[in-house]
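Engineer: As input, take model_35.csv (CSV, C-alpha atoms):
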```csv
chain,number,residue,atom,x,y,z
D,959,MET,CA,-26.5,103.5,129.6
D,960,ARG,CA,-26.2,106.1,126.8
D,961,ILE,CA,-23.4,105.4,124.4
D,962,SER,CA,-21.7,108.7,123.8
D,963,GLY,CA,-20.3,109.2,120.3
D,964,LYS,CA,-19.3,112.6,121.3
D,965,ASP,CA,-16.9,111.4,124.1
D,966,LEU,CA,-15.4,108.7,121.9
D,967,SER,CA,-15.0,111.2,119.0
D,968,VAL,CA,-13.0,113.6,121.2
D,969,LYS,CA,-10.8,110.7,122.3
D,970,LEU,CA,-10.1,109.4,118.8
D,971,LYS,CA,-9.5,112.9,117.3
D,972,ALA,CA,-7.0,113.6,120.1
D,973,GLU,CA,-5.2,110.4,119.2
D,974,MET,CA,-5.1,111.3,115.5
D,975,ALA,CA,-3.9,114.8,116.3
D,976,ALA,CA,-1.1,113.3,118.3
D,977,SER,CA,0.1,111.3,115.3
D,978,MET,CA,0.2,114.3,112.9
D,979,PRO,CA,3.6,115.6,113.8
D,980,SER,CA,5.3,112.3,113.1
D,981,ILE,CA,3.3,111.8,109.9
D,982,GLU,CA,4.4,115.3,108.7
D,983,GLU,CA,8.0,114.6,109.7
D,984,LYS,CA,8.1,111.3,107.9
D,985,TYR,CA,6.2,112.3,104.7
D,986,GLY,CA,6.8,116.0,104.4
D,987,ARG,CA,3.1,117.0,104.7
D,988,VAL,CA,-0.1,116.1,106.4
D,989,PRO,CA,-3.1,114.4,104.7
D,990,HIS,CA,-5.4,116.6,102.6
D,991,LEU,CA,-9.2,116.3,102.4
D,992,ALA,CA,-11.0,118.2,99.6
D,993,VAL,CA,-14.7,118.7,100.0
D,994,ILE,CA,-17.0,119.9,97.2
D,995,LEU,CA,-20.2,121.7,98.3
D,996,VAL,CA,-22.8,122.4,95.6
D,997,GLY,CA,-25.5,124.9,96.5
D,998,GLU,CA,-26.6,126.2,99.9
D,999,ASP,CA,-28.7,123.4,101.4
D,1000,PRO,CA,-28.6,124.2,105.2
D,1001,GLY,CA,-28.0,120.7,106.3
D,1002,SER,CA,-25.2,120.2,103.8
D,1003,VAL,CA,-23.6,123.6,104.8
D,1004,SER,CA,-23.7,122.5,108.5
D,1005,TYR,CA,-22.2,119.1,107.7
D,1006,VAL,CA,-19.3,120.6,105.7
D,1007,THR,CA,-18.6,123.2,108.4
D,1008,GLY,CA,-18.4,120.3,110.9
D,1009,LYS,CA,-16.0,118.5,108.7
D,1010,ALA,CA,-13.8,121.5,108.4
D,1011,LYS,CA,-13.7,121.9,112.2
D,1012,ALA,CA,-12.8,118.3,112.6
D,1013,CYS,CA,-9.9,118.6,110.1
D,1014,GLU,CA,-8.6,121.6,112.1
D,1015,ALA,CA,-8.9,119.6,115.4
D,1016,VAL,CA,-7.0,116.6,114.0
D,1017,GLY,CA,-4.4,118.6,112.0
D,1018,ILE,CA,-5.5,117.5,108.5
D,1019,LYS,CA,-5.5,120.0,105.7
D,1020,ASN,CA,-9.0,120.8,104.5
D,1021,THR,CA,-10.0,122.5,101.2
D,1022,THR,CA,-13.7,123.3,100.8
D,1023,ILE,CA,-14.7,124.0,97.2
D,1024,ARG,CA,-18.1,125.8,96.9
D,1025,ARG,CA,-20.0,125.8,93.7
D,1026,ASP,CA,-23.4,127.2,92.8
D,1027,ALA,CA,-26.4,124.9,92.5
D,1028,SER,CA,-26.6,125.7,88.8
D,1029,ILE,CA,-23.3,124.0,88.1
D,1030,SER,CA,-23.6,121.6,85.2
D,1031,GLU,CA,-23.0,117.9,85.7
D,1032,GLU,CA,-20.0,118.0,83.3
D,1033,GLU,CA,-18.5,120.9,85.2
D,1034,LEU,CA,-18.7,119.0,88.4
D,1035,LEU,CA,-17.3,115.9,86.9
D,1036,GLY,CA,-14.4,117.9,85.5
D,1037,LEU,CA,-13.7,119.4,89.0
D,1038,VAL,CA,-13.6,115.9,90.5
D,1039,ARG,CA,-11.2,114.7,87.7
D,1040,GLU,CA,-8.9,117.7,88.5
D,1041,LEU,CA,-8.8,116.6,92.2
D,1042,ASN,CA,-8.2,113.0,91.1
D,1043,ALA,CA,-5.1,114.2,89.2
D,1044,ASP,CA,-3.8,116.4,92.0
D,1045,PRO,CA,-1.1,114.4,93.9
D,1046,LEU,CA,-1.5,116.7,96.9
D,1047,VAL,CA,-5.1,115.7,97.5
D,1048,ASP,CA,-5.6,112.4,99.4
D,1049,GLY,CA,-9.4,112.3,99.9
D,1050,ILE,CA,-12.3,113.6,97.9
D,1051,LEU,CA,-15.8,114.1,99.3
D,1052,VAL,CA,-18.7,115.4,97.3
D,1053,GLN,CA,-21.4,116.5,99.8
D,1054,LEU,CA,-24.7,114.8,99.1
D,1055,PRO,CA,-27.5,115.4,98.2
D,1056,LEU,CA,-26.7,117.1,94.9
D,1057,PRO,CA,-29.2,119.1,92.7
D,1058,LYS,CA,-31.6,117.0,90.8
D,1059,HIS,CA,-30.1,117.6,87.4
D,1060,ILE,CA,-26.8,115.9,88.5
D,1061,ASP,CA,-26.5,112.1,88.6
D,1062,GLU,CA,-25.1,111.3,92.0
D,1063,ASN,CA,-24.0,107.8,91.0
D,1064,LYS,CA,-22.0,109.2,88.1
D,1065,VAL,CA,-20.2,111.7,90.4
D,1066,ILE,CA,-19.4,108.9,92.9
D,1067,GLU,CA,-18.1,106.6,90.2
D,1068,THR,CA,-15.9,109.4,88.9
D,1069,ILE,CA,-14.0,109.9,92.2
D,1070,ALA,CA,-10.8,107.9,92.1
D,1071,LEU,CA,-11.0,104.7,94.1
D,1072,GLU,CA,-7.9,105.5,96.0
D,1073,LYS,CA,-9.3,108.9,97.0
D,1074,ASP,CA,-12.9,107.7,97.8
D,1075,VAL,CA,-12.9,108.8,101.5
D,1076,ASP,CA,-16.7,108.1,101.8
D,1077,GLY,CA,-16.4,104.5,100.8
D,1078,PHE,CA,-19.3,104.9,98.3
D,1079,HIS,CA,-17.4,104.0,95.1
D,1080,PRO,CA,-18.9,100.7,93.5
D,1081,LEU,CA,-15.5,99.0,93.8
D,1082,ASN,CA,-15.2,99.8,97.5
D,1083,VAL,CA,-18.8,98.5,98.0
D,1084,ALA,CA,-17.9,95.3,96.1
D,1085,ALA,CA,-14.7,94.9,98.1
D,1086,LEU,CA,-16.7,95.2,101.4
D,1087,TRP,CA,-19.1,92.4,100.3
D,1088,GLN,CA,-16.2,90.2,99.1
D,1089,LYS,CA,-14.2,90.7,102.4
D,1090,ARG,CA,-11.4,92.4,100.6
D,1091,PRO,CA,-9.5,95.5,101.8
D,1092,CYS,CA,-11.5,98.6,101.2
D,1093,THR,CA,-12.5,102.0,102.6
D,1094,VAL,CA,-15.5,101.5,104.8
D,1095,ALA,CA,-18.3,104.0,104.8
D,1096,CYS,CA,-18.0,106.4,107.7
D,1097,THR,CA,-21.3,105.9,109.5
D,1098,PRO,CA,-21.3,102.1,109.6
D,1099,LYS,CA,-17.6,102.2,110.6
D,1100,GLY,CA,-18.5,104.6,113.4
D,1101,ILE,CA,-21.3,102.3,114.6
D,1102,MET,CA,-19.0,99.4,115.0
D,1103,LYS,CA,-16.6,101.5,117.0
D,1104,LEU,CA,-19.4,102.6,119.3
D,1105,LEU,CA,-20.4,99.0,119.9
D,1106,ALA,CA,-16.7,98.1,120.7
D,1107,GLN,CA,-16.3,101.1,123.0
D,1108,ALA,CA,-19.4,100.1,124.9
D,1109,GLY,CA,-18.1,96.6,125.3
D,1110,VAL,CA,-21.0,95.0,123.3
D,1111,GLU,CA,-20.3,91.4,122.3
D,1112,VAL,CA,-21.4,91.1,118.7
D,1113,LYS,CA,-20.4,87.5,118.1
D,1114,GLY,CA,-23.3,85.1,118.2
D,1115,LYS,CA,-25.9,87.9,118.8
D,1116,LYS,CA,-29.0,88.5,116.8
D,1117,ALA,CA,-28.8,91.9,115.1
D,1118,VAL,CA,-31.6,93.6,113.3
D,1119,VAL,CA,-31.0,96.6,111.0
D,1120,VAL,CA,-34.0,98.6,110.1
D,1121,GLY,CA,-33.2,100.4,106.9
D,1122,ARG,CA,-31.6,99.2,103.6
D,1123,SER,CA,-29.8,102.3,102.3
D,1124,ASN,CA,-26.4,102.0,100.5
D,1125,ILE,CA,-25.0,104.5,103.0
D,1126,VAL,CA,-25.9,102.9,106.3
D,1127,GLY,CA,-28.3,99.9,106.3
D,1128,LEU,CA,-26.6,97.6,103.9
D,1129,PRO,CA,-23.0,98.2,104.9
D,1130,VAL,CA,-23.6,98.1,108.6
D,1131,ALA,CA,-25.5,94.8,108.1
D,1132,LYS,CA,-22.4,93.4,106.4
D,1133,LEU,CA,-20.0,94.7,109.1
D,1134,LEU,CA,-22.2,93.0,111.8
D,1135,LEU,CA,-22.2,89.8,109.7
D,1136,ASP,CA,-18.4,89.9,109.5
D,1137,ALA,CA,-18.3,90.3,113.3
D,1138,ASN,CA,-20.2,87.0,113.5
D,1139,ALA,CA,-23.7,88.4,114.4
D,1140,THR,CA,-26.8,86.7,112.8
D,1141,VAL,CA,-28.3,89.6,110.9
D,1142,THR,CA,-31.8,90.4,109.7
D,1143,ILE,CA,-32.4,93.5,107.5
D,1144,ALA,CA,-35.9,95.0,108.0
D,1145,HIS,CA,-37.5,97.9,106.2
D,1146,SER,CA,-40.7,99.9,105.5
D,1147,ARG,CA,-42.3,96.9,103.7
D,1148,THR,CA,-41.5,94.4,106.5
D,1149,GLU,CA,-44.6,92.8,107.8
D,1150,ASN,CA,-45.1,93.0,111.5
D,1151,LEU,CA,-41.9,95.1,112.0
D,1152,ALA,CA,-42.3,95.1,115.8
D,1153,ALA,CA,-42.1,91.3,116.0
D,1154,VAL,CA,-38.9,91.4,114.0
D,1155,THR,CA,-37.2,94.2,116.0
D,1156,ARG,CA,-38.2,92.5,119.3
D,1157,GLU,CA,-35.9,89.6,118.4
D,1158,ALA,CA,-32.8,91.8,118.3
D,1159,ASP,CA,-30.0,91.8,120.8
D,1160,ILE,CA,-28.5,94.6,118.8
D,1161,LEU,CA,-31.0,96.9,117.0
D,1162,VAL,CA,-29.7,99.5,114.4
D,1163,VAL,CA,-32.4,101.9,113.3
D,1164,ALA,CA,-31.7,104.0,110.1
D,1165,VAL,CA,-35.0,104.9,108.5
D,1166,GLY,CA,-35.0,108.7,108.7
D,1167,ARG,CA,-38.4,109.1,110.4
D,1168,PRO,CA,-38.8,110.4,113.9
D,1169,HIS,CA,-40.0,108.0,116.7
D,1170,THR,CA,-40.3,105.0,114.3
D,1171,VAL,CA,-39.2,102.6,117.0
D,1172,THR,CA,-41.1,102.7,120.3
D,1173,ALA,CA,-40.5,100.9,123.6
D,1174,ASP,CA,-42.8,98.0,122.8
D,1175,MET,CA,-40.7,97.2,119.7
D,1176,VAL,CA,-37.5,96.6,121.7
D,1177,LYS,CA,-36.4,93.4,123.5
D,1178,PRO,CA,-35.6,94.1,127.1
D,1179,GLY,CA,-31.8,94.5,127.5
D,1180,ALA,CA,-31.2,95.1,123.8
D,1181,VAL,CA,-28.5,97.6,122.6
D,1182,VAL,CA,-30.1,100.2,120.4
D,1183,ILE,CA,-28.1,102.3,117.8
D,1184,ASP,CA,-30.2,105.2,116.6
D,1185,VAL,CA,-28.8,106.6,113.3
D,1186,GLY,CA,-31.6,109.0,112.5
D,1187,VAL,CA,-31.3,112.8,112.6
D,1188,ASN,CA,-34.7,114.4,112.4
D,1189,ARG,CA,-36.7,117.4,113.6
D,1190,ASP,CA,-39.4,116.5,116.1
D,1191,PRO,CA,-42.7,117.7,114.5
D,1192,GLU,CA,-44.0,119.0,117.8
D,1193,SER,CA,-41.0,120.5,119.6
D,1194,GLY,CA,-38.8,121.2,116.5
D,1195,LYS,CA,-35.8,119.8,118.4
D,1196,LEU,CA,-33.3,117.3,116.9
D,1197,CYS,CA,-34.4,113.7,117.5
D,1198,GLY,CA,-33.6,110.2,116.2
D,1199,ASP,CA,-35.6,107.4,114.7
D,1200,CYS,CA,-36.4,106.0,118.2
D,1201,ASP,CA,-38.6,107.4,121.0
D,1202,THR,CA,-35.4,107.7,123.0
D,1203,ASP,CA,-36.8,108.3,126.5
D,1204,ALA,CA,-39.3,105.4,126.3
D,1205,VAL,CA,-36.8,103.0,124.6
D,1206,GLU,CA,-34.1,103.9,127.2
D,1207,ALA,CA,-36.3,102.3,129.9
D,1208,VAL,CA,-36.3,99.0,128.1
D,1209,ALA,CA,-32.8,98.8,126.4
D,1210,SER,CA,-29.5,98.2,128.2
D,1211,ALA,CA,-27.8,100.9,126.1
D,1212,ILE,CA,-28.8,103.4,123.5
D,1213,THR,CA,-27.1,106.1,121.4
D,1214,PRO,CA,-28.5,109.6,122.0
D,1215,VAL,CA,-29.5,112.1,119.2
D,1216,PRO,CA,-27.6,114.4,119.0
D,1217,GLY,CA,-24.3,113.2,120.4
D,1218,GLY,CA,-24.4,109.5,119.3
D,1219,VAL,CA,-23.6,108.2,115.8
D,1220,GLY,CA,-23.3,111.7,114.3
D,1221,PRO,CA,-19.9,112.7,115.8
D,1222,MET,CA,-18.5,109.3,114.9
D,1223,THR,CA,-19.3,109.7,111.3
D,1224,ILE,CA,-17.1,112.8,111.0
D,1225,THR,CA,-14.4,111.2,113.1
D,1226,CYS,CA,-14.3,108.1,110.8
D,1227,LEU,CA,-14.0,110.5,107.9
D,1228,MET,CA,-10.9,111.9,109.4
D,1229,GLU,CA,-9.6,108.3,110.0
D,1230,ASN,CA,-10.4,107.3,106.4
D,1231,THR,CA,-8.5,110.4,105.1
D,1232,ILE,CA,-5.4,109.4,107.1
D,1233,GLU,CA,-5.7,105.8,105.9
D,1234,LEU,CA,-5.9,106.8,102.3
D,1235,PHE,CA,-2.9,109.1,102.7
D,1236,LEU,CA,-0.8,106.3,104.3
D,1237,ARG,CA,-2.0,103.7,101.7
D,1238,SER,CA,-0.9,105.9,98.8
D,1239,ARG,CA,2.5,106.3,100.4
```
Turn the structure described in the file into structure tokens.
Structural biologist:
Amino acid sequence: MRISGKDLSVKLKAEMAASMPSIEEKYGRVPHLAVILVGEDPGSVSYVTGKAKACEAVGIKNTTIRRDASISEEELLGLVRELNADPLVDGILVQLPLPKHIDENKVIETIALEKDVDGFHPLNVAALWQKRPCTVACTPKGIMKLLAQAGVEVKGKKAVVVGRSNIVGLPVAKLLLDANATVTIAHSRTENLAAVTREADILVVAVGRPHTVTADMVKPGAVVIDVGVNRDPESGKLCGDCDTDAVEAVASAITPVPGGVGPMTITCLMENTIELFLRSR
């Protein structure tokens, strides 16, 4: 089967929207997400537009702050500090990537921990690895929700994560480990990658290269989560990191691209914003 993140996203956003009137009645306002967009990168503009639409659907207040790509690092850090100090802002997101003259790590570290809606702050990352309460990064959180929705039993299963980024690979490996899977992290330097991926009952692919995982790399009956969003070099269409049509014939379940992990990332951003708002109350 195809695991639809789009369908689950619609369901979860409707549930969050239904909770907004009681939240506003109890606390006098709704949660507020501030998004900073630097420059006009087409992918970033598209993501920020999608986030604004999701906020509208859920009933969360959204403020998008646009700045030119020439903004200095200190100016951007000053803007983040202003939002940190604003008691009416509950979540802060700085859209990545940033221009090369700006240190992304410095920006992420400047966001107040209690407003780090992306879950990228070093103290949130540390808390995740120490099994302490934290804000979980949106894409890994969405992946776990997709597995639960599809009825996939994680406990005792062998999971392989292909990719070791701070945004997806490492945190989703930790979440799978916490769900009692036996986890292997593979990457571009893994020798005989196909032999490793064929051992997986649950295969998460997050490498950012189209058609990296082919049918012969997948164990029959495995569940495949395709995190990639790429342009097919031949057709120009959106595609994932897997050869979806071929892998689908081998796997028991797979997430499509588009319509799989992507919608859940934005949905979990909405959920994180609400959680931060309630936590601060």
Engineer: Kindly indicate which residue among D:Arg1039, D:Lys1099, D:Lys1195, D:His1059 lies nearest to Gly1077 in chain D, using all atoms listed in the file for the distances.
Structural biologist: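 Checking each of D:Arg1039, D:Lys1099, D:Lys1195, D:His1059 against Gly1077 in chain D, counting all atoms listed in the file, the winner is D:Lys1099.
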Engineer: Skipping near chain neighbours, those fewer than 5 positions away, what residues fall within 12 Å of Pro1191 in chain D using all atoms listed in the file, listed as a list in words?
Structural biologist: Arg1167, Pro1168, His1169, Leu1196, Cys1197 and Gly1198 of chain D
Engineer: Those residues with C-alpha atoms, as a PDB file, in the frame of the given file please?
Structural biologist:
```pdb
ATOM      1  CA  ARG D1167     -38.400 109.100 110.400  1.00  0.00           C
ATOM      2  CA  PRO D1168     -38.800 110.400 113.900  1.00  0.00           C
ATOM      3  CA  HIS D1169     -40.000 108.000 116.700  1.00  0.00           C
ATOM      4  CA  LEU D1196     -33.300 117.300 116.900  1.00  0.00           C
ATOM      5  CA  CYS D1197     -34.400 113.700 117.500  1.00  0.00           C
ATOM      6  CA  GLY D1198     -33.600 110.200 116.200  1.00  0.00           C
TER       7      GLY D1198
END
```
Engineer: Hey, what's within 12 Å of range 979-984 of chain D if we count all atoms listed in the file and toss same-chain stuff fewer than 5 positions away? As a list in words, please?
Structural biologist: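 Surrounding residues, per the criterion: Glu973, Met974, Pro989, His990, Val1016, Gly1017, Ile1018, Lys1019, Ile1232, Glu1233, Phe1235, Leu1236 and Arg1239 of chain D.
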Engineer: Name the residues, using the chain letters and numbers of the file, that sit within 8 Å of (-11.9, 116.5, 114.8) when counting all atoms listed in the file, and give them as a PyMOL selection string.
Structural biologist: chain D and resi 967-968+971-972+1009+1011-1016+1224-1225+1228
Engineer: Those residues with C-alpha atoms, as a tab-separated table (two decimals), in the coordinates of the input please?
Structural biologist:
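Result file follows (out11.tsv):
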```tsv
chain	number	residue	atom	x	y	z
D	967	SER	CA	-15.00	111.20	119.00
D	968	VAL	CA	-13.00	113.60	121.20
D	971	LYS	CA	-9.50	112.90	117.30
D	972	ALA	CA	-7.00	113.60	120.10
D	1009	LYS	CA	-16.00	118.50	108.70
D	1011	LYS	CA	-13.70	121.90	112.20
D	1012	ALA	CA	-12.80	118.30	112.60
D	1013	CYS	CA	-9.90	118.60	110.10
D	1014	GLU	CA	-8.60	121.60	112.10
D	1015	ALA	CA	-8.90	119.60	115.40
D	1016	VAL	CA	-7.00	116.60	114.00
D	1224	ILE	CA	-17.10	112.80	111.00
D	1225	THR	CA	-14.40	111.20	113.10
D	1228	MET	CA	-10.90	111.90	109.40
```
Engineer: Rank D:Val1110, D:Asp1136, D:Leu1041, D:Thr1142 by their smallest atom-to-atom distance to Arg1090 in chain D, using all atoms listed in the file, and report the top residue only.
Structural biologist: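 Once distances to Arg1090 in chain D are computed over all atoms listed in the file, the minimum belongs to D:Asp1136.
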Engineer: Could you give me, as a PyMOL selection string, the residues that sit within 10 Å of (-38.9, 106.1, 113.5) in the file's coordinates, counting all atoms listed in the file?
Structural biologist: chain D and resi 1120+1163-1172+1184+1186+1188+1197-1201
Engineer: Excluding range 1216-1218 of chain D and any residue of its chain fewer than 6 positions from it, enumerate the residues within 6 Å of it, using all atoms listed in the file, and give them as number ranges by chain.
Structural biologist: D: 962-964
Engineer: Next, dump the selected residues to file, keeping only C-alpha atoms, as a PDB file, in the coordinates of the input.
Structural biologist:
```pdb
ATOM      1  CA  SER D 962     -21.700 108.700 123.800  1.00  0.00           C
ATOM      2  CA  GLY D 963     -20.300 109.200 120.300  1.00  0.00           C
ATOM      3  CA  LYS D 964     -19.300 112.600 121.300  1.00  0.00           C
TER       4      LYS D 964
END
```
Engineer: Mind giving me the straight-line distance from CA of Lys1116 in chain D to CA of Cys1226 in chain D in Å, one decimal?
Structural biologist: 25.2 Å
Engineer: Which distance in Å separates CA of Val996 in chain D and CA of Glu1067 in chain D, to one decimal?
Structural biologist: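 CA of Glu1067 in chain D lies at a distance of 17.3 Å from CA of Val996 in chain D.
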Engineer: Could you check which of D:Val1187, D:Ala976, D:Leu966, D:Leu1133 is closest to Ala1117 in chain D, using all atoms listed in the file?
Structural biologist: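 Closest to Ala1117 in chain D of all the choices is D:Leu1133.
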Engineer: If we count only C-alpha atoms and set the cut-off at 12 Å, which residues sit around Lys1132 in chain D, ignoring sequence neighbours fewer than 2 positions away in its own chain? Please answer as a ChimeraX atom specification.
Structural biologist: /D:1083-1089,1094-1095,1098-1099,1102,1117-1119,1122,1124-1130,1134-1143
Engineer: What lies within 7 Å of Gly1100 in chain D using only C-alpha atoms, ignoring chain neighbours under 2 positions off, as a PyMOL selection string?
Structural biologist: chain D and resi 1096-1098+1102-1104+1219+1222-1223+1226
Engineer: Mind giving me the straight-line distance from CA of Ala1108 in chain D to CA of Ala1209 in chain D in Å, one decimal?
Structural biologist: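 Between these atoms lies a distance of 13.5 Å.
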Engineer: Point out the residue among D:Asn1150, D:Ser1210, D:Ser1238, D:Thr1231 with the least atom-to-atom distance to Asn1020 in chain D, counting all atoms listed in the file.
Structural biologist: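 Using all atoms listed in the file, Asn1020 in chain D sits closest to D:Thr1231.
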Engineer: For a quick check of understanding, using only C-alpha atoms, which of D:Ala992, D:Met978, D:Ile1212, D:Val1176 has the smallest distance to Val1075 in chain D?
Structural biologist: D:Ala992
